[in-house]
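> Got a structure here, written out as structure tokens. Questions coming.
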Amino acid sequence: MPSAFHRLTSPHLIRKKPPSASRKKKKKKKRTGIPFSKPQPLEHQVAEEEEEGMGEEEVLGFKLKPSASSRLHAIQPLGNLLLLGGASASVNARDHGLGVLRALSDDLLLDVLALLPARDLAALSAVSRSLYVFATHDTLWRALVLDHFHGNFSFRGSWRSTFLSAVSSHPPSSSALVIRNFYSDYLFQSWLCANIEMKPEWLEIDNVERRRGISVEEFISRYEEPNKPVLLEGCLDEWPAMKKWSRERLVRICGGVKFAVGPVEMTLERYFQYADATKEERPLYLFDPMFAEKVSELGSEYEVPNYFREDLFAVLGKERPDYRWIIIGPTGSGSSFHVDPNSTSAWNAVIKGSKKWVMFPPEVVPPGVHPSPDGAEVACPVSIMEWFMNFYAACRQWKRRPVECVCRAGEVVFVPNGWWHLVVNLEDSIAITQNYASRRNLFNVLDFLGKPNASELVSGTKDRVNLYEKFRSALDASYPGMIDEVVAKAQEKMAQKKKPSFWETVSDAKVGGFKFSF
């Protein structure tokens, strides 16, 4: 059994502790089924090299990226096994090579293997073809690289190759191991999600309102006050960042400064090297809240658009929660469905590239997304691409359809408080986003910060429990009477709403039970 891992026997490579689930901000639910009606036979070979001279290729109705080829992938969807029929239908190389471990589901088996250090994964990869497939699954090696080297690594096209290159002076073996008759929906979909292009029908809807040159008063009355998304054009024309933020300049002015990238910190030079070479399902995303403090030029080369200048959290000074981020990511990176922190509203400005947005109002939970009753956790599909594959078509048939758009360089999306949104980069992108509280959403922000489980819900600050009192006191000192005014206006709005009918009250005991906590 060819293996390049026997040199991984040094005791220092033993993982000191198993990967903690706390690294994840959200719980991830198991993969849904692969959406295809008629499986197509795929029999391929594991290999590291890309096949040259191939035109556009499709798998199960999805167009593959130019860098991908199904002919270089060994795993077949489980439906293909059912097509074989007869005695052959019971032959799955996966089960034969796993022994008693075959009883475990693929995702559970990978969870078990994630507890092992590199040298044990290396040993397992030499036991059988099935264990080779699982023990070389790249997500396992991603965790090892990030745990061992944090952001100090040079990406080598895959996480396994990156780890091996970092611990050995010898390059990893390029020997290919022939894999046949291996069927797994879980592993196949992981590969598929990492290697398909966005379908044209996923991008064709653009139903957000687009406005240029409107006044601040019109923005407030038509969008911020009614809590409605809008795409604003022409807001960034005077930003120096629009002309200056090339990769080369960013690398030069940032030098050795490290930025937050997932669970680690990396220099821009290392991150761009990774972003250019990665082909994974969930690429690492650079999302740093302290970019302006780290590199002053970055903070001075953009300014807050006029529409968002009222920023009430500013009364807290340095004690305010995290509120602004530079966002950099390759094609396919992004954020799965979430609601912005602390019930704030937000604006997102694209400087380079383009982003696909899908947004649902607060009262409509997106399909495939399952928030916990207290809102502290959200279960959602493993990746953005998986959501599009399995759920996007369904929501297009809803009466309450999502608000969608593609936001391009020079444009700004306004995200009202409480709105669910998913964002995916359609090309390599750079953006700035800020969250803020104004008079229009202050009531919701204070109500959120004052919840009994604030220690679990509030984010962006170390003092979650006391943020409510600090913010309220600072507002009273800076803007006397503002809170009373906002509460009175909220009460007036509630009174103007239609009273529930008898049947509505008996079907939902919570109707009419709104309580002010100020």
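The chains in the structure tokens are called A, B, ... from first to last as shown; in each chain the residues are counted from 1, and the ligands are counted from 1 in the order shown.
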Leu146 (chain A): which residues within 12 Å, counting only C-alpha atoms, same-chain residues fewer than 4 positions away excluded, as number ranges by chain?
A: 15, 19, 23, 139-142, 150-155, 159-160, 162-163, 166, 261-266, 284
> Write to file, as a compact mmCIF listing (two decimals), in the first residue's frame, the residues of the selection just made, with N, CA, C and O atoms.

```txt
# COMPACT_ATOMS: atom_id res chain seq x y z
N ARG A 15 -1.30 14.85 18.82
CA ARG A 15 -2.17 15.95 19.17
C ARG A 15 -2.38 15.99 20.68
O ARG A 15 -2.70 15.00 21.30
N PRO A 19 -9.90 17.97 18.90
CA PRO A 19 -10.43 19.25 18.45
C PRO A 19 -11.68 19.63 19.21
O PRO A 19 -12.58 18.83 19.38
N ARG A 23 -14.74 25.60 18.62
CA ARG A 23 -14.19 26.37 17.52
C ARG A 23 -15.29 26.79 16.56
O ARG A 23 -15.15 27.74 15.84
N THR A 139 -10.24 17.40 5.26
CA THR A 139 -10.70 18.18 6.42
C THR A 139 -9.98 17.76 7.70
O THR A 139 -9.78 18.58 8.60
N LEU A 140 -9.59 16.48 7.79
CA LEU A 140 -8.82 16.02 8.96
C LEU A 140 -7.47 16.71 9.02
O LEU A 140 -7.00 17.12 10.09
N TRP A 141 -6.85 16.85 7.87
CA TRP A 141 -5.51 17.45 7.82
C TRP A 141 -5.57 18.97 7.93
O TRP A 141 -4.63 19.60 8.40
N ARG A 142 -6.70 19.55 7.56
CA ARG A 142 -6.89 20.98 7.80
C ARG A 142 -6.84 21.26 9.30
O ARG A 142 -6.16 22.20 9.74
N HIS A 150 -0.93 26.87 13.33
CA HIS A 150 -1.74 28.10 13.38
C HIS A 150 -1.73 28.75 12.00
O HIS A 150 -2.09 28.12 11.03
N GLY A 151 -1.31 29.99 11.88
CA GLY A 151 -1.29 30.61 10.56
C GLY A 151 0.06 30.60 9.90
O GLY A 151 0.24 31.18 8.82
N ASN A 152 1.03 29.93 10.51
CA ASN A 152 2.40 29.93 9.98
C ASN A 152 2.64 28.72 9.09
O ASN A 152 3.40 27.81 9.43
N PHE A 153 1.98 28.70 7.95
CA PHE A 153 2.17 27.59 7.01
C PHE A 153 2.11 28.13 5.59
O PHE A 153 1.55 29.20 5.33
N SER A 154 2.69 27.38 4.68
CA SER A 154 2.60 27.69 3.26
C SER A 154 1.73 26.62 2.61
O SER A 154 2.08 25.44 2.62
N PHE A 155 0.59 27.04 2.10
CA PHE A 155 -0.38 26.08 1.57
C PHE A 155 0.15 25.44 0.29
O PHE A 155 0.67 26.12 -0.60
N TRP A 159 -4.47 20.25 2.30
CA TRP A 159 -4.03 20.34 3.69
C TRP A 159 -3.09 19.20 4.05
O TRP A 159 -2.16 19.38 4.85
N ARG A 160 -3.29 18.04 3.47
CA ARG A 160 -2.40 16.92 3.75
C ARG A 160 -0.99 17.20 3.23
O ARG A 160 0.00 17.00 3.94
N THR A 162 0.23 20.12 2.72
CA THR A 162 0.75 21.23 3.52
C THR A 162 1.38 20.71 4.81
O THR A 162 2.48 21.14 5.20
N PHE A 163 0.69 19.78 5.48
CA PHE A 163 1.21 19.23 6.73
C PHE A 163 2.51 18.47 6.48
O PHE A 163 3.50 18.66 7.18
N ALA A 166 5.45 20.63 5.82
CA ALA A 166 5.89 21.39 6.98
C ALA A 166 6.71 20.56 7.96
O ALA A 166 7.53 21.11 8.69
N VAL A 261 -8.18 34.81 10.54
CA VAL A 261 -8.64 33.94 9.46
C VAL A 261 -9.18 32.68 10.12
O VAL A 261 -8.42 31.81 10.54
N GLY A 262 -10.49 32.58 10.24
CA GLY A 262 -11.05 31.43 10.95
C GLY A 262 -10.51 31.39 12.36
O GLY A 262 -10.50 32.39 13.08
N PRO A 263 -9.97 30.22 12.78
CA PRO A 263 -9.47 30.09 14.16
C PRO A 263 -8.02 30.53 14.34
O PRO A 263 -7.48 30.42 15.43
N VAL A 264 -7.37 31.02 13.27
CA VAL A 264 -5.96 31.38 13.35
C VAL A 264 -5.76 32.81 12.85
O VAL A 264 -6.71 33.49 12.46
N GLU A 265 -4.50 33.25 12.85
CA GLU A 265 -4.14 34.53 12.27
C GLU A 265 -3.06 34.32 11.23
O GLU A 265 -2.14 33.51 11.42
N MET A 266 -3.16 35.05 10.11
CA MET A 266 -2.22 34.89 9.01
C MET A 266 -1.83 36.25 8.45
O MET A 266 -2.60 37.21 8.53
N LEU A 284 -11.25 29.01 4.04
CA LEU A 284 -11.03 29.93 5.14
C LEU A 284 -11.32 31.36 4.69
O LEU A 284 -11.01 31.75 3.55
```
> If you count only C-alpha atoms, which residues fall within 9 Å of Phe388 (chain A), apart from same-chain ones fewer than 4 positions away, as a PyMOL selection string?
chain A and resi 198+202+384+392-393
> Using only C-alpha atoms, which of A:Tyr183, A:Phe149, A:Phe443, A:Trp191 sits nearest Arg282 (chain A)?
A:Trp191
> Among region 128-233 of chain A, which ones does DSSP place in alpha helix (DSSP H), written as a ChimeraX atom specification?
/A:129-135,138-149,159-167,185-195,200-203,216-219
> Mind checking which residues fall within 7 Å of region 214-229 of chain A, counting only C-alpha atoms, ignoring those fewer than 3 positions away in the same chain, and posting them as an MDAnalysis selection string?
chainID A and resid 211 306:307 414:416 440
> Selected residues, all heavy atoms, written as a PDB file, in the first residue's frame, please.

```
ATOM      1  N   ARG A 211     -30.851  51.855  -5.467  1.00  0.00           N
ATOM      2  CA  ARG A 211     -31.021  53.309  -5.426  1.00  0.00           C
ATOM      3  C   ARG A 211     -29.664  54.008  -5.542  1.00  0.00           C
ATOM      4  O   ARG A 211     -28.658  53.520  -5.048  1.00  0.00           O
ATOM      5  CB  ARG A 211     -31.717  53.731  -4.136  1.00  0.00           C
ATOM      6  CG  ARG A 211     -33.075  53.096  -3.904  1.00  0.00           C
ATOM      7  CD  ARG A 211     -34.077  53.446  -5.008  1.00  0.00           C
ATOM      8  NE  ARG A 211     -34.219  54.878  -5.198  1.00  0.00           N
ATOM      9  CZ  ARG A 211     -35.059  55.644  -4.497  1.00  0.00           C
ATOM     10  NH1 ARG A 211     -35.841  55.105  -3.559  1.00  0.00           N
ATOM     11  NH2 ARG A 211     -35.132  56.934  -4.743  1.00  0.00           N
ATOM     12  N   ASN A 306     -22.919  58.356   4.254  1.00  0.00           N
ATOM     13  CA  ASN A 306     -23.768  59.286   5.007  1.00  0.00           C
ATOM     14  C   ASN A 306     -24.973  58.625   5.648  1.00  0.00           C
ATOM     15  O   ASN A 306     -25.432  59.042   6.714  1.00  0.00           O
ATOM     16  CB  ASN A 306     -24.249  60.416   4.081  1.00  0.00           C
ATOM     17  CG  ASN A 306     -23.123  61.326   3.653  1.00  0.00           C
ATOM     18  OD1 ASN A 306     -22.114  61.439   4.336  1.00  0.00           O
ATOM     19  ND2 ASN A 306     -23.280  61.975   2.514  1.00  0.00           N
ATOM     20  N   TYR A 307     -25.496  57.601   5.019  1.00  0.00           N
ATOM     21  CA  TYR A 307     -26.722  56.966   5.503  1.00  0.00           C
ATOM     22  C   TYR A 307     -26.550  56.272   6.845  1.00  0.00           C
ATOM     23  O   TYR A 307     -27.533  56.001   7.538  1.00  0.00           O
ATOM     24  CB  TYR A 307     -27.214  55.942   4.468  1.00  0.00           C
ATOM     25  CG  TYR A 307     -27.327  56.505   3.078  1.00  0.00           C
ATOM     26  CD1 TYR A 307     -26.422  56.142   2.081  1.00  0.00           C
ATOM     27  CD2 TYR A 307     -28.330  57.412   2.769  1.00  0.00           C
ATOM     28  CE1 TYR A 307     -26.528  56.655   0.803  1.00  0.00           C
ATOM     29  CE2 TYR A 307     -28.438  57.948   1.488  1.00  0.00           C
ATOM     30  CZ  TYR A 307     -27.532  57.561   0.506  1.00  0.00           C
ATOM     31  OH  TYR A 307     -27.638  58.088  -0.751  1.00  0.00           O
ATOM     32  N   PHE A 414     -27.513  47.295   2.328  1.00  0.00           N
ATOM     33  CA  PHE A 414     -28.004  47.588   3.674  1.00  0.00           C
ATOM     34  C   PHE A 414     -28.751  46.360   4.183  1.00  0.00           C
ATOM     35  O   PHE A 414     -29.702  45.891   3.553  1.00  0.00           O
ATOM     36  CB  PHE A 414     -28.928  48.802   3.669  1.00  0.00           C
ATOM     37  CG  PHE A 414     -29.728  48.968   4.937  1.00  0.00           C
ATOM     38  CD1 PHE A 414     -29.095  49.181   6.159  1.00  0.00           C
ATOM     39  CD2 PHE A 414     -31.119  48.902   4.914  1.00  0.00           C
ATOM     40  CE1 PHE A 414     -29.827  49.326   7.335  1.00  0.00           C
ATOM     41  CE2 PHE A 414     -31.862  49.049   6.084  1.00  0.00           C
ATOM     42  CZ  PHE A 414     -31.211  49.263   7.296  1.00  0.00           C
ATOM     43  N   VAL A 415     -28.302  45.825   5.344  1.00  0.00           N
ATOM     44  CA  VAL A 415     -28.913  44.644   5.951  1.00  0.00           C
ATOM     45  C   VAL A 415     -29.634  45.087   7.224  1.00  0.00           C
ATOM     46  O   VAL A 415     -29.006  45.393   8.228  1.00  0.00           O
ATOM     47  CB  VAL A 415     -27.851  43.577   6.299  1.00  0.00           C
ATOM     48  CG1 VAL A 415     -28.531  42.303   6.795  1.00  0.00           C
ATOM     49  CG2 VAL A 415     -26.967  43.283   5.098  1.00  0.00           C
ATOM     50  N   PRO A 416     -30.963  45.121   7.212  1.00  0.00           N
ATOM     51  CA  PRO A 416     -31.704  45.551   8.395  1.00  0.00           C
ATOM     52  C   PRO A 416     -31.540  44.556   9.544  1.00  0.00           C
ATOM     53  O   PRO A 416     -31.250  43.374   9.333  1.00  0.00           O
ATOM     54  CB  PRO A 416     -33.158  45.596   7.911  1.00  0.00           C
ATOM     55  CG  PRO A 416     -33.085  45.555   6.421  1.00  0.00           C
ATOM     56  CD  PRO A 416     -31.844  44.799   6.088  1.00  0.00           C
ATOM     57  N   ARG A 440     -33.478  54.081  14.957  1.00  0.00           N
ATOM     58  CA  ARG A 440     -34.474  53.217  14.347  1.00  0.00           C
ATOM     59  C   ARG A 440     -34.418  51.791  14.867  1.00  0.00           C
ATOM     60  O   ARG A 440     -35.447  51.104  14.917  1.00  0.00           O
ATOM     61  CB  ARG A 440     -34.312  53.201  12.821  1.00  0.00           C
ATOM     62  CG  ARG A 440     -35.102  54.268  12.097  1.00  0.00           C
ATOM     63  CD  ARG A 440     -34.651  55.660  12.430  1.00  0.00           C
ATOM     64  NE  ARG A 440     -33.263  55.907  12.024  1.00  0.00           N
ATOM     65  CZ  ARG A 440     -32.575  56.987  12.310  1.00  0.00           C
ATOM     66  NH1 ARG A 440     -33.120  57.958  13.060  1.00  0.00           N
ATOM     67  NH2 ARG A 440     -31.329  57.136  11.905  1.00  0.00           N
TER      68      ARG A 440
END
```
> Name the residues in contact with Arg400 (chain A) at a cut-off of 9 Å, using only C-alpha atoms, excluding same-chain residues fewer than 3 positions from it; report them as a PyMOL selection string.
chain A and resi 360-361+364+395-397
> Okay, now the selection with all heavy atoms, as a PDB file, in the first residue's frame?

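Result saved to part.pdb:
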```pdb
ATOM      1  N   PHE A 360     -33.704  36.771   4.091  1.00  0.00           N
ATOM      2  CA  PHE A 360     -35.062  36.501   4.531  1.00  0.00           C
ATOM      3  C   PHE A 360     -35.405  37.429   5.705  1.00  0.00           C
ATOM      4  O   PHE A 360     -34.555  37.680   6.563  1.00  0.00           O
ATOM      5  CB  PHE A 360     -35.219  35.054   5.008  1.00  0.00           C
ATOM      6  CG  PHE A 360     -35.190  34.031   3.908  1.00  0.00           C
ATOM      7  CD1 PHE A 360     -33.984  33.503   3.461  1.00  0.00           C
ATOM      8  CD2 PHE A 360     -36.368  33.573   3.339  1.00  0.00           C
ATOM      9  CE1 PHE A 360     -33.955  32.552   2.453  1.00  0.00           C
ATOM     10  CE2 PHE A 360     -36.349  32.618   2.331  1.00  0.00           C
ATOM     11  CZ  PHE A 360     -35.143  32.101   1.881  1.00  0.00           C
ATOM     12  N   PRO A 361     -36.642  37.920   5.773  1.00  0.00           N
ATOM     13  CA  PRO A 361     -37.028  38.787   6.893  1.00  0.00           C
ATOM     14  C   PRO A 361     -37.006  38.029   8.215  1.00  0.00           C
ATOM     15  O   PRO A 361     -37.011  36.787   8.229  1.00  0.00           O
ATOM     16  CB  PRO A 361     -38.447  39.230   6.527  1.00  0.00           C
ATOM     17  CG  PRO A 361     -38.947  38.195   5.580  1.00  0.00           C
ATOM     18  CD  PRO A 361     -37.747  37.717   4.820  1.00  0.00           C
ATOM     19  N   VAL A 364     -39.197  34.916   8.865  1.00  0.00           N
ATOM     20  CA  VAL A 364     -39.127  33.782   7.939  1.00  0.00           C
ATOM     21  C   VAL A 364     -37.769  33.103   8.085  1.00  0.00           C
ATOM     22  O   VAL A 364     -36.747  33.645   7.652  1.00  0.00           O
ATOM     23  CB  VAL A 364     -39.339  34.233   6.477  1.00  0.00           C
ATOM     24  CG1 VAL A 364     -39.250  33.033   5.544  1.00  0.00           C
ATOM     25  CG2 VAL A 364     -40.676  34.941   6.321  1.00  0.00           C
ATOM     26  N   CYS A 395     -37.288  27.454  -1.898  1.00  0.00           N
ATOM     27  CA  CYS A 395     -37.705  28.776  -1.410  1.00  0.00           C
ATOM     28  C   CYS A 395     -38.178  29.679  -2.541  1.00  0.00           C
ATOM     29  O   CYS A 395     -38.873  30.663  -2.298  1.00  0.00           O
ATOM     30  CB  CYS A 395     -36.576  29.442  -0.616  1.00  0.00           C
ATOM     31  SG  CYS A 395     -35.165  29.966  -1.599  1.00  0.00           S
ATOM     32  N   ARG A 396     -37.855  29.354  -3.773  1.00  0.00           N
ATOM     33  CA  ARG A 396     -38.336  30.152  -4.899  1.00  0.00           C
ATOM     34  C   ARG A 396     -39.832  29.963  -5.128  1.00  0.00           C
ATOM     35  O   ARG A 396     -40.457  30.731  -5.845  1.00  0.00           O
ATOM     36  CB  ARG A 396     -37.563  29.803  -6.170  1.00  0.00           C
ATOM     37  CG  ARG A 396     -36.099  30.188  -6.119  1.00  0.00           C
ATOM     38  CD  ARG A 396     -35.376  29.881  -7.405  1.00  0.00           C
ATOM     39  NE  ARG A 396     -35.846  30.703  -8.519  1.00  0.00           N
ATOM     40  CZ  ARG A 396     -35.276  30.699  -9.727  1.00  0.00           C
ATOM     41  NH1 ARG A 396     -34.236  29.920  -9.961  1.00  0.00           N
ATOM     42  NH2 ARG A 396     -35.750  31.457 -10.683  1.00  0.00           N
ATOM     43  N   GLN A 397     -40.398  28.904  -4.526  1.00  0.00           N
ATOM     44  CA  GLN A 397     -41.830  28.651  -4.668  1.00  0.00           C
ATOM     45  C   GLN A 397     -42.643  29.243  -3.510  1.00  0.00           C
ATOM     46  O   GLN A 397     -43.865  29.174  -3.516  1.00  0.00           O
ATOM     47  CB  GLN A 397     -42.068  27.133  -4.735  1.00  0.00           C
ATOM     48  CG  GLN A 397     -41.220  26.394  -5.763  1.00  0.00           C
ATOM     49  CD  GLN A 397     -41.387  26.933  -7.171  1.00  0.00           C
ATOM     50  OE1 GLN A 397     -42.506  27.247  -7.585  1.00  0.00           O
ATOM     51  NE2 GLN A 397     -40.285  27.057  -7.903  1.00  0.00           N
TER      52      GLN A 397
END
```
> Which residues come within 10 Å of Trp347 (chain A), counting only C-alpha atoms, excluding same-chain residues fewer than 2 positions away, as a list of chain:residue names?
A:Pro229, A:Val230, A:Leu231, A:Leu232, A:Val304, A:Pro305, A:Tyr307, A:Phe308, A:Arg324, A:Ser345, A:Ala349, A:Val412, A:Val413, A:Phe414, A:Val415, A:Pro416, A:Ile432, A:Thr433, A:Gln434, A:Asn435, A:Tyr436
> Going by DSSP on the backbone, which bits of region 133-381 of chain A are strand (DSSP E or B)? Write them as number ranges by chain, please.
A: 183, 196, 210-212, 230-233, 258-261, 264-267, 286-288, 324-329, 334-338, 345-352, 354-360, 370-371, 378-380
> Do you know which residues are at most 9 Å from Asn181 (chain A) counting only C-alpha atoms, after dropping those on the same chain fewer than 2 positions away, and could you put them as a PyMOL selection string?
chain A and resi 43+74-76+81+91-94+179+183
